>>> print(open('entry.cif').read())   # mmCIF, C-alpha atoms
data_structure
#
loop_
_atom_site.label_atom_id
_atom_site.label_comp_id
_atom_site.auth_asym_id
_atom_site.auth_seq_id
_atom_site.Cartn_x
_atom_site.Cartn_y
_atom_site.Cartn_z
CA MET A 25 -15.26 -11.71 15.90
CA PRO A 26 -17.28 -11.61 19.11
CA ARG A 27 -18.29 -8.27 20.50
CA GLY A 28 -18.05 -8.27 24.26
CA ARG A 29 -20.31 -10.94 25.80
CA ARG A 30 -23.33 -10.31 23.66
CA THR A 31 -24.46 -12.33 20.69
CA PRO A 32 -22.35 -10.91 17.81
CA ALA A 33 -24.22 -8.74 15.36
CA LEU A 34 -22.60 -10.71 12.57
CA ASP A 35 -24.63 -13.75 13.66
CA ARG A 36 -28.08 -12.14 13.58
CA GLY A 37 -30.04 -13.22 10.53
CA GLY A 38 -30.15 -10.75 7.69
CA ALA A 39 -27.97 -8.27 9.57
CA ARG A 40 -25.12 -10.75 9.25
CA ILE A 41 -25.03 -10.43 5.46
CA ARG A 42 -25.32 -6.63 5.54
CA LYS A 43 -22.54 -6.23 8.04
CA LEU A 44 -20.20 -8.68 6.35
CA ILE A 45 -20.61 -6.76 3.10
CA ALA A 46 -20.06 -3.45 4.89
CA PHE A 47 -16.95 -4.68 6.72
CA ALA A 48 -15.47 -6.11 3.52
CA ALA A 49 -15.97 -2.69 1.93
CA LEU A 50 -14.21 -1.00 4.83
CA LEU A 51 -11.14 -3.14 4.26
CA LEU A 52 -10.92 -1.53 0.80
CA GLY A 53 -11.28 1.92 2.30
CA VAL A 54 -14.95 2.60 1.64
CA ALA A 55 -18.05 2.33 3.83
CA ALA A 56 -21.29 0.66 2.88
CA THR A 57 -23.45 2.77 0.61
CA ARG A 58 -26.80 1.37 1.63
CA GLY A 59 -28.78 4.10 3.29
CA ASP A 60 -30.81 1.68 5.39
CA ALA A 61 -27.84 -0.27 6.74
CA PRO A 62 -26.70 0.59 10.28
CA PRO A 63 -23.24 2.17 10.51
CA VAL A 64 -20.43 -0.32 10.93
CA PHE A 65 -17.61 0.66 13.28
CA GLU A 66 -14.63 -1.66 13.41
CA GLN A 67 -13.81 -0.63 16.99
CA LEU A 68 -17.13 -1.89 18.32
CA ARG A 69 -16.07 -5.46 17.62
CA TRP A 70 -13.98 -5.28 20.80
CA THR A 71 -15.90 -2.72 22.87
CA ALA A 72 -17.79 -3.36 26.10
CA PRO A 73 -21.60 -3.18 25.84
CA GLY A 74 -22.84 0.27 26.80
CA ALA A 75 -19.51 1.94 26.05
CA GLU A 76 -20.02 2.31 22.31
CA LEU A 77 -20.84 6.00 22.24
CA ALA A 78 -18.13 6.88 24.76
CA LEU A 79 -15.47 5.15 22.66
CA LEU A 80 -16.64 6.52 19.33
CA SER A 81 -17.00 10.10 20.52
CA GLY A 82 -14.05 10.57 22.90
CA GLN A 83 -10.47 9.55 23.56
CA PRO A 84 -7.57 10.40 25.85
CA ALA A 85 -5.83 13.56 24.70
CA ALA A 86 -2.48 12.91 23.01
CA CYS A 87 0.60 14.36 24.70
CA LEU A 88 4.14 13.60 23.52
CA ALA A 89 7.56 14.53 24.78
CA PRO A 90 9.75 16.56 22.41
CA GLY A 91 12.20 14.53 20.36
CA ASP A 92 12.84 13.22 16.85
CA ASP A 93 9.56 14.28 15.30
CA ALA A 94 9.89 12.24 12.10
CA LEU A 95 10.77 9.05 13.96
CA VAL A 96 7.98 9.52 16.52
CA ARG A 97 5.43 10.23 13.79
CA SER A 98 6.55 7.13 11.94
CA GLY A 99 6.12 5.04 15.09
CA ARG A 100 2.69 6.54 15.75
CA ALA A 101 1.56 5.60 12.23
CA LEU A 102 2.82 2.02 12.63
CA PHE A 103 1.20 1.85 16.07
CA GLY A 104 -2.18 2.20 14.36
CA ALA A 105 -1.53 -0.40 11.63
CA PRO A 106 -3.25 -3.81 12.13
CA THR A 107 -0.90 -5.36 9.56
CA LEU A 108 1.98 -4.77 11.95
CA LEU A 109 0.60 -7.42 14.32
CA GLY A 110 -0.43 -9.87 11.61
CA GLY A 111 -2.37 -13.08 12.17
CA GLN A 112 -5.77 -13.02 13.81
CA ALA A 113 -5.25 -9.50 15.14
CA ALA A 114 -4.80 -8.10 11.64
CA LYS A 115 -7.82 -10.00 10.35
CA ALA A 116 -9.92 -8.44 13.12
CA GLY A 117 -8.51 -4.96 12.50
CA LEU A 118 -6.72 -4.85 15.85
CA SER A 119 -3.66 -2.64 16.12
CA CYS A 120 -1.50 -1.53 19.05
CA ALA A 121 -3.71 1.57 19.19
CA SER A 122 -6.83 -0.54 19.73
CA CYS A 123 -5.70 -1.33 23.28
CA HIS A 124 -3.57 1.79 23.78
CA ILE A 125 -5.56 4.75 22.47
CA ASN A 126 -3.11 7.60 21.83
CA GLY A 127 -0.57 5.45 23.62
CA ARG A 128 -2.62 5.32 26.82
CA GLY A 129 -5.05 2.55 27.77
CA ASN A 130 -8.55 1.50 26.70
CA PRO A 131 -10.94 0.93 29.61
CA HIS A 132 -13.66 -0.13 27.15
CA PHE A 133 -11.74 -2.96 25.46
CA LEU A 134 -13.67 -6.23 25.76
CA LEU A 135 -13.12 -9.24 23.52
CA ALA A 136 -14.81 -12.52 24.39
CA GLY A 137 -12.31 -15.22 25.24
CA VAL A 138 -9.54 -12.65 25.60
CA SER A 139 -10.93 -10.20 28.20
CA ALA A 140 -12.31 -10.95 31.67
CA ALA A 141 -13.60 -7.43 32.25
CA PRO A 142 -13.50 -4.20 30.27
CA GLY A 143 -9.97 -2.90 29.99
CA THR A 144 -8.29 -6.31 30.26
CA ALA A 145 -6.70 -8.71 27.79
CA ASP A 146 -5.00 -12.10 27.89
CA VAL A 147 -1.96 -11.62 25.65
CA THR A 148 -0.88 -15.23 26.21
CA ASN A 149 -4.06 -16.46 24.54
CA SER A 150 -3.42 -18.90 21.69
CA PHE A 151 -6.08 -17.05 19.67
CA PHE A 152 -3.39 -14.53 18.77
CA SER A 153 -0.33 -16.79 18.62
CA ALA A 154 0.52 -20.37 19.52
CA ALA A 155 4.03 -19.24 20.45
CA ARG A 156 2.87 -17.53 23.66
CA GLY A 157 -0.29 -19.58 24.30
CA ASN A 158 -0.08 -20.98 27.84
CA ALA A 159 -3.43 -22.84 27.95
CA ARG A 160 -4.60 -20.59 30.82
CA PHE A 161 -7.06 -17.72 30.90
CA ASP A 162 -5.12 -14.98 32.65
CA PRO A 163 -6.09 -11.54 31.38
CA VAL A 164 -4.41 -8.49 32.87
CA VAL A 165 -5.28 -4.81 32.91
CA ILE A 166 -4.15 -3.10 29.71
CA PRO A 167 -1.31 -0.81 30.78
CA ASP A 168 -1.16 2.93 30.18
CA LEU A 169 2.03 3.43 28.19
CA ALA A 170 2.52 6.91 29.65
CA MET A 171 3.13 5.34 33.05
CA PRO A 172 6.35 3.59 34.17
CA GLY A 173 6.25 -0.14 33.46
CA LYS A 174 8.30 -3.28 33.88
CA ILE A 175 10.41 -2.41 30.83
CA SER A 176 12.78 0.54 30.97
CA ARG A 177 12.01 3.39 28.58
CA ASP A 178 15.58 4.68 28.83
CA PRO A 179 16.91 4.80 25.26
CA ASP A 180 20.40 4.01 26.54
CA THR A 181 19.32 0.57 27.76
CA ARG A 182 17.73 -0.40 24.41
CA SER A 183 15.48 -2.82 26.30
CA LEU A 184 12.24 -1.54 24.79
CA GLU A 185 13.08 -2.58 21.23
CA PRO A 186 13.38 -6.34 21.92
CA PHE A 187 10.29 -6.19 24.10
CA VAL A 188 8.27 -4.64 21.28
CA ARG A 189 9.70 -7.18 18.86
CA ASN A 190 8.57 -10.07 21.05
CA LEU A 191 5.09 -8.59 21.34
CA ILE A 192 4.76 -8.43 17.56
CA VAL A 193 6.32 -11.76 16.65
CA GLU A 194 5.58 -14.02 19.61
CA GLU A 195 2.40 -12.66 21.18
CA PHE A 196 0.64 -11.82 17.93
CA GLY A 197 2.40 -13.88 15.28
CA GLY A 198 3.36 -10.87 13.19
CA GLN A 199 6.14 -10.61 10.65
CA GLU A 200 9.65 -10.01 11.95
CA PRO A 201 9.94 -6.21 12.14
CA THR A 202 12.88 -4.37 10.64
CA PRO A 203 15.32 -2.45 12.84
CA ALA A 204 13.90 0.85 11.53
CA THR A 205 10.35 -0.24 12.39
CA LEU A 206 11.38 -1.18 15.93
CA GLU A 207 13.28 2.07 16.35
CA ALA A 208 10.24 4.10 15.27
CA LEU A 209 7.81 2.20 17.49
CA ALA A 210 10.12 2.49 20.49
CA ALA A 211 10.58 6.22 19.84
CA TYR A 212 6.81 6.72 19.86
CA VAL A 213 6.26 4.70 23.05
CA ARG A 214 9.06 6.59 24.80
CA ALA A 215 7.48 9.89 23.73
CA VAL A 216 4.00 9.13 25.16
CA ARG A 217 3.29 11.25 28.23
CA PRO A 218 0.27 11.90 30.45
CA CYS A 219 -1.34 15.25 29.79
CA THR A 220 -1.25 17.81 32.60
CA PRO A 221 -3.99 18.17 33.54
CA GLU A 222 -5.45 14.92 32.22
CA ARG A 223 -8.13 15.54 29.64
CA THR A 224 -10.10 13.86 26.92
CA ALA A 225 -10.62 14.97 23.34
CA ALA A 226 -13.40 14.49 20.84
CA ARG A 227 -12.79 12.19 17.89
CA ARG A 228 -12.70 14.31 14.76
CA LEU A 229 -11.81 14.03 11.09
CA ASP A 230 -8.53 15.77 11.86
CA ASP A 231 -7.46 12.69 13.86
CA GLN A 232 -7.43 10.52 10.75
CA LEU A 233 -6.10 13.27 8.48
CA GLY A 234 -3.25 13.78 10.92
CA ALA A 235 -2.63 10.02 10.93
CA LEU A 236 -2.38 10.12 7.14
CA ASP A 237 0.30 12.82 7.48
CA ASP A 238 2.11 10.57 9.98
CA GLY A 239 1.93 7.72 7.49
CA ILE A 240 3.42 9.86 4.72
CA ALA A 241 6.23 11.02 7.02
CA GLY A 242 6.82 7.44 8.14
CA ALA A 243 6.85 6.02 4.64
CA GLN A 244 9.29 8.68 3.45
CA LEU A 245 11.52 8.00 6.46
CA MET A 246 11.53 4.28 5.71
CA ILE A 247 12.19 4.87 2.01
CA GLY A 248 15.15 7.06 2.94
CA ARG A 249 16.51 4.24 5.07
CA GLY A 250 16.04 1.68 2.33
CA ASP A 251 13.40 -0.14 4.37
CA ARG A 252 10.85 -1.44 1.88
CA GLN A 253 8.94 -3.40 4.53
CA GLY A 254 8.63 -0.39 6.81
CA ALA A 255 7.39 1.76 3.92
CA ALA A 256 4.78 -0.86 3.01
CA LEU A 257 3.55 -0.97 6.62
CA SER A 258 3.29 2.82 6.67
CA ILE A 259 1.19 2.79 3.51
CA ALA A 260 -1.00 0.03 4.96
CA ALA A 261 -1.48 2.22 8.05
CA MET A 262 -2.68 5.05 5.79
CA ARG A 263 -5.18 2.82 4.01
CA HIS A 264 -6.51 1.72 7.38
CA GLN A 265 -7.05 5.34 8.37
CA LEU A 266 -9.00 5.90 5.15
CA GLY A 267 -11.23 3.03 6.24
CA LEU A 268 -11.81 4.68 9.62
CA ILE A 269 -12.81 7.88 7.83
CA ALA A 270 -15.18 5.92 5.59
CA GLU A 271 -17.00 4.57 8.64
CA ARG A 272 -18.07 8.11 9.47
CA TYR A 273 -19.38 8.89 5.99
CA ALA A 274 -21.70 5.91 5.65
CA GLY A 275 -25.18 5.92 4.16
CA ARG A 276 -27.06 7.99 1.64
CA GLY A 277 -25.74 11.41 0.80
CA PHE A 278 -22.06 10.48 0.92
CA ALA A 279 -21.55 8.77 -2.42
CA ARG A 280 -18.94 11.30 -3.55
CA GLU A 281 -17.02 11.12 -0.29
CA GLN A 282 -17.05 7.33 -0.39
CA ALA A 283 -15.90 7.29 -4.01
CA ALA A 284 -13.06 9.69 -3.20
CA LEU A 285 -11.92 7.52 -0.29
CA LEU A 286 -12.03 4.35 -2.36
CA THR A 287 -10.04 6.01 -5.14
CA ALA A 288 -7.47 7.29 -2.65
CA SER A 289 -7.10 3.83 -1.12
CA ARG A 290 -6.67 2.16 -4.50
CA GLU A 291 -4.07 4.74 -5.49
CA LEU A 292 -2.11 4.02 -2.31
CA ARG A 293 -2.26 0.31 -3.04
CA ALA A 294 -0.81 0.93 -6.51
CA ILE A 295 1.87 3.22 -5.10
CA GLY A 296 2.81 0.59 -2.55
CA ASP A 297 3.49 -1.87 -5.36
CA MET A 298 6.19 0.37 -6.85
CA SER A 299 9.65 -1.14 -6.58
CA ASP A 300 11.74 1.94 -7.36
CA PRO A 301 12.23 3.99 -4.17
CA VAL A 302 12.61 7.30 -6.01
CA ARG A 303 9.35 6.81 -7.91
CA LEU A 304 7.67 5.60 -4.73
CA ALA A 305 8.68 8.68 -2.73
CA ALA A 306 7.60 11.04 -5.52
CA ALA A 307 4.28 9.23 -5.97
CA LEU A 308 3.51 9.54 -2.25
CA ASP A 309 4.17 13.27 -2.36
CA ARG A 310 1.86 13.66 -5.38
CA TRP A 311 -0.80 11.54 -3.70
CA LYS A 312 -0.74 13.78 -0.64
CA VAL A 313 -1.06 16.97 -2.69
CA ASP A 314 -3.95 15.55 -4.71
CA PHE A 315 -5.69 14.17 -1.62
CA ASP A 316 -5.45 17.47 0.26
CA ARG A 317 -6.77 19.42 -2.71
CA GLY A 318 -9.60 17.05 -3.47
CA ALA A 319 -10.85 14.42 -1.04
CA ALA A 320 -9.76 16.14 2.17
CA LYS A 321 -11.56 19.38 1.24
CA ARG A 322 -14.70 17.46 0.37
CA LEU A 323 -14.55 15.52 3.65
CA ARG A 324 -14.11 18.70 5.68
CA ARG A 325 -17.11 20.33 4.01
CA ALA A 326 -19.28 17.34 4.87
CA GLU A 327 -17.92 16.70 8.37
CA ASN A 328 -20.86 18.35 10.16
CA ARG A 329 -23.22 15.95 8.35
CA SER A 330 -21.08 12.89 9.06
CA LEU A 331 -20.84 10.58 12.06
CA TYR A 332 -18.00 12.69 13.41
CA GLU A 333 -20.73 15.13 14.47
CA ALA A 334 -21.83 14.24 18.01
CA GLY A 335 -25.57 14.46 17.42
CA HIS A 336 -25.54 12.30 14.29
CA LEU A 337 -23.27 9.77 16.00
CA ALA A 338 -25.54 9.50 19.05
CA GLN A 339 -28.56 9.02 16.81
CA SER A 340 -26.81 6.25 14.91
CA GLN A 341 -26.27 4.28 18.12
CA ARG A 342 -29.92 4.27 19.20
#
>>> encode(input="entry.cif", output="structure tokens")
Amino acid sequence: MPRGRRTPALDRGGARIRKLIAFAALLLGVAATRGDAPPVFEQLRWTAPGAELALLSGQPAACLAPGDDALVRSGRALFGAPTLLGGQAAKAGLSCASCHINGRGNPHFLLAGVSAAPGTADVTNSFFSAARGNARFDPVVIPDLAMPGKISRDPDTRSLEPFVRNLIVEEFGGQEPTPATLEALAAYVRAVRPCTPERTAARRLDDQLGALDDGIAGAQLMIGRGDRQGAALSIAAMRHQLGLIAERYAGRGFAREQAALLTASRELRAIGDMSDPVRLAAALDRWKVDFDRGAAKRLRRAENRSLYEAGHLAQSQR
């Protein structure tokens, strides 16, 4: 995938092989182990030149209206799952959260052929889906979902659910979402609010660990509703978050952390293959307990050495 308007790193000689290997590893939930390889961050594939450090180190603070916590958490987990969108977006690792960080916007988003300027995207581009391709290049500013838009957020109108469905299926070519998936996504979007006062937050390990908790809550909610597809998407969202964690623990000195993340991802994949909902729900609970006692503790102990730490992150981008 192109990165902004520069020559993609994946096309530069020997670096191409290293980065392809590293990115393939990330898809399995583990970062590259080569100490001499530069860190690979999925987000930088669609980030404007010069904005790398700003995107990797900071984000809009998350503020949500009170409501059905389980449903909102489920929607937030699905919002960060590339598999929800399917097609080319999923292959690139793009999720709803890529353009709408914490439900807001992303002024640094820049994808060649899709963006005209940072913070814009052409959602009628046939790159994502032939269904909405209009043979014109007409990118628009990525909207802030905390602000009023053209679609009513009033739950009584139920107009947000079909809008979200069309985005997934027609604009991105994703799989037809279940009613429970649409309900959860709509609940999350309706809950997004601007913070007062507006503020930014650092990106920390707790972001991804919290997203894993959202994924567990979402999967259990979907299992309770008999929604196998929604549960599978929630588990896929969790595995993606493990990959984001792995990006920050790249290089020499993190072999144990990487091994723990890879094991956790493989365990989730096996759990996701279970057909019995009772066994699936119990296995997810056990996974969470084991992960918190083992991998999460190890990751927290090493966080100040990882690329979550501002100084190490800045050094990695030089």
>>> atom_distance(input="entry.cif", atom1="atom CA of Thr181 of chain A", atom2="atom CA of Gly91 of chain A")
17.3 Å
>>> closest_residue(input="entry.cif", among="A:Ala261, A:Leu229, A:Cys123, A:Ala270", to="Asn328 of chain A", atoms="all atoms listed in the file")
A:Leu229
>>> atom_distance(input="entry.cif", atom1="atom CA of Pro163 of chain A", atom2="atom CA of Thr71 of chain A")
15.7 Å
>>> residues_around(input="entry.cif", residues="Phe152 of chain A", least_positions_apart="2", cutoff="8 Å", atoms="all atoms listed in the file", output="PyMOL selection string")
chain A and resi 111-113+147-150+154+195-197
>>> closest_residue(input="entry.cif", among="A:Val213, A:Leu184, A:Ala141, A:Ala226", to="Ala101 of chain A", atoms="only C-alpha atoms")
A:Val213
>>> residues_around(input="entry.cif", residues="Pro131 of chain A", least_positions_apart="5", cutoff="8 Å", atoms="only C-alpha atoms", output="list in words")
Pro142, Gly143, Thr144 and Ile166 of chain A
>>> write_last_selection(input="entry.cif", atoms="C-alpha atoms", output="compact mmCIF listing (two decimals), in the coordinates of the input")
# COMPACT_ATOMS: atom_id res chain seq x y z
CA PRO A 142 -13.50 -4.20 30.27
CA GLY A 143 -9.97 -2.90 29.99
CA THR A 144 -8.29 -6.31 30.26
CA ILE A 166 -4.15 -3.10 29.71
>>> closest_residue(input="entry.cif", among="A:Ala274, A:Met246, A:Ile240, A:Leu77", to="Leu292 of chain A", atoms="only C-alpha atoms")
A:Ile240
>>> residues_around(input="entry.cif", residues="Gly117 of chain A", least_positions_apart="4", cutoff="10 Å", atoms="all atoms listed in the file", output="ChimeraX atom specification")
/A:51,66-67,69-70,104-107,109-110,112-113,122,264
>>> write_last_selection(input="entry.cif", atoms="C-alpha atoms", output="compact mmCIF listing (two decimals), keeping the file's coordinate frame")
# COMPACT_ATOMS: atom_id res chain seq x y z
CA LEU A 51 -11.14 -3.14 4.26
CA GLU A 66 -14.63 -1.66 13.41
CA GLN A 67 -13.81 -0.63 16.99
CA ARG A 69 -16.07 -5.46 17.62
CA TRP A 70 -13.98 -5.28 20.80
CA GLY A 104 -2.18 2.20 14.36
CA ALA A 105 -1.53 -0.40 11.63
CA PRO A 106 -3.25 -3.81 12.13
CA THR A 107 -0.90 -5.36 9.56
CA LEU A 109 0.60 -7.42 14.32
CA GLY A 110 -0.43 -9.87 11.61
CA GLN A 112 -5.77 -13.02 13.81
CA ALA A 113 -5.25 -9.50 15.14
CA SER A 122 -6.83 -0.54 19.73
CA HIS A 264 -6.51 1.72 7.38
>>> atom_distance(input="entry.cif", atom1="atom CA of Ser119 of chain A", atom2="atom CA of Arg100 of chain A")
11.2 Å
>>> resolve_selection(input="entry.cif", expression="the PyMOL selection byres ((chain A and resi 281) around 12)", output="short mmCIF file (atom, residue, chain, number, x, y, z; two decimals) with C-alpha atoms, in the frame of the given file")
data_model
loop_
_atom_site.label_atom_id
_atom_site.label_comp_id
_atom_site.auth_asym_id
_atom_site.auth_seq_id
_atom_site.Cartn_x
_atom_site.Cartn_y
_atom_site.Cartn_z
CA GLY A 53 -11.28 1.92 2.30
CA VAL A 54 -14.95 2.60 1.64
CA ALA A 55 -18.05 2.33 3.83
CA ALA A 56 -21.29 0.66 2.88
CA THR A 57 -23.45 2.77 0.61
CA LEU A 266 -9.00 5.90 5.15
CA GLY A 267 -11.23 3.03 6.24
CA ILE A 269 -12.81 7.88 7.83
CA ALA A 270 -15.18 5.92 5.59
CA GLU A 271 -17.00 4.57 8.64
CA ARG A 272 -18.07 8.11 9.47
CA TYR A 273 -19.38 8.89 5.99
CA ALA A 274 -21.70 5.91 5.65
CA GLY A 275 -25.18 5.92 4.16
CA ARG A 276 -27.06 7.99 1.64
CA GLY A 277 -25.74 11.41 0.80
CA PHE A 278 -22.06 10.48 0.92
CA ALA A 279 -21.55 8.77 -2.42
CA ARG A 280 -18.94 11.30 -3.55
CA GLN A 282 -17.05 7.33 -0.39
CA ALA A 283 -15.90 7.29 -4.01
CA ALA A 284 -13.06 9.69 -3.20
CA LEU A 285 -11.92 7.52 -0.29
CA LEU A 286 -12.03 4.35 -2.36
CA THR A 287 -10.04 6.01 -5.14
CA ALA A 288 -7.47 7.29 -2.65
CA PHE A 315 -5.69 14.17 -1.62
CA GLY A 318 -9.60 17.05 -3.47
CA ALA A 319 -10.85 14.42 -1.04
CA ALA A 320 -9.76 16.14 2.17
CA LYS A 321 -11.56 19.38 1.24
CA ARG A 322 -14.70 17.46 0.37
CA LEU A 323 -14.55 15.52 3.65
CA ARG A 324 -14.11 18.70 5.68
CA ARG A 325 -17.11 20.33 4.01
CA ALA A 326 -19.28 17.34 4.87
CA GLU A 327 -17.92 16.70 8.37
CA ARG A 329 -23.22 15.95 8.35
CA SER A 330 -21.08 12.89 9.06
#
>>> closest_residue(input="entry.cif", among="A:Gly173, A:Gln83, A:Ile192, A:Pro73", to="Cys120 of chain A", atoms="only C-alpha atoms")
A:Ile192
>>> resolve_selection(input="entry.cif", expression="the PyMOL selection byres ((chain A and resi 242) around 9)", output="JSON, numbers by chain")
{"A": [94, 95, 96, 97, 98, 99, 100, 101, 102, 208, 237, 238, 239, 240, 241, 243, 244, 245, 246, 247, 254, 255, 258, 259]}
>>> closest_residue(input="entry.cif", among="A:Ala334, A:Leu304, A:Leu68, A:Ala211", to="Asp92 of chain A", atoms="all atoms listed in the file")
A:Ala211
>>> residues_around(input="entry.cif", residues="segment 216-219 of chain A", least_positions_apart="3", cutoff="9 Å", atoms="only C-alpha atoms", output="list in words")
Pro84, Ala85, Ala86, Cys87, Leu88, Ala89, Asn126, Gly127, Arg128, Leu169, Ala170, Met171, Ala211, Tyr212, Val213, Glu222 and Arg223 of chain A
>>> closest_residue(input="entry.cif", among="A:Asp297, A:Ala210, A:Gly248, A:Arg227", to="Pro179 of chain A", atoms="all atoms listed in the file")
A:Ala210
>>> resolve_selection(input="entry.cif", expression="the PyMOL selection byres ((chain A and resi 341) around 12)", output="PyMOL selection string")
chain A and resi 62-65+68+73-81+331+334-340+342
>>> build_atoms(input="entry.cif", residues="segment 252-259 of chain A", atoms="all heavy atoms", output="short mmCIF file (atom, residue, chain, number, x, y, z; two decimals), in the coordinates of the input")
data_model
loop_
_atom_site.label_atom_id
_atom_site.label_comp_id
_atom_site.auth_asym_id
_atom_site.auth_seq_id
_atom_site.Cartn_x
_atom_site.Cartn_y
_atom_site.Cartn_z
N ARG A 252 12.05 -1.22 2.69
CA ARG A 252 10.85 -1.44 1.88
C ARG A 252 9.70 -1.96 2.73
O ARG A 252 8.54 -1.59 2.54
CB ARG A 252 11.17 -2.44 0.75
CG ARG A 252 10.06 -2.63 -0.26
CD ARG A 252 9.87 -1.38 -1.09
NE ARG A 252 8.76 -1.49 -2.02
CZ ARG A 252 7.48 -1.36 -1.71
NH1 ARG A 252 7.14 -1.09 -0.46
NH2 ARG A 252 6.55 -1.46 -2.63
N GLN A 253 9.98 -2.84 3.67
CA GLN A 253 8.94 -3.40 4.53
C GLN A 253 8.32 -2.32 5.41
O GLN A 253 7.09 -2.25 5.57
CB GLN A 253 9.51 -4.51 5.40
CG GLN A 253 8.50 -5.17 6.33
CD GLN A 253 9.13 -6.25 7.20
OE1 GLN A 253 9.98 -7.01 6.74
NE2 GLN A 253 8.73 -6.33 8.46
N GLY A 254 9.14 -1.47 5.97
CA GLY A 254 8.63 -0.39 6.81
C GLY A 254 7.78 0.59 6.02
O GLY A 254 6.76 1.08 6.51
N ALA A 255 8.18 0.87 4.77
CA ALA A 255 7.39 1.76 3.92
C ALA A 255 6.05 1.13 3.60
O ALA A 255 5.01 1.81 3.62
CB ALA A 255 8.16 2.06 2.63
N ALA A 256 6.04 -0.17 3.32
CA ALA A 256 4.78 -0.86 3.01
C ALA A 256 3.84 -0.84 4.21
O ALA A 256 2.62 -0.66 4.06
CB ALA A 256 5.07 -2.30 2.59
N LEU A 257 4.38 -1.02 5.41
CA LEU A 257 3.55 -0.97 6.62
C LEU A 257 2.97 0.43 6.82
O LEU A 257 1.82 0.58 7.23
CB LEU A 257 4.38 -1.37 7.84
CG LEU A 257 4.51 -2.85 8.14
CD1 LEU A 257 5.51 -3.07 9.29
CD2 LEU A 257 3.17 -3.47 8.50
N SER A 258 3.77 1.45 6.53
CA SER A 258 3.29 2.82 6.67
C SER A 258 2.14 3.10 5.71
O SER A 258 1.15 3.76 6.07
CB SER A 258 4.44 3.81 6.43
OG SER A 258 5.49 3.60 7.34
N ILE A 259 2.26 2.61 4.49
CA ILE A 259 1.19 2.79 3.51
C ILE A 259 -0.05 2.01 3.92
O ILE A 259 -1.18 2.50 3.79
CB ILE A 259 1.68 2.37 2.11
CG1 ILE A 259 2.75 3.35 1.62
CG2 ILE A 259 0.52 2.31 1.12
CD1 ILE A 259 3.46 2.93 0.35
#
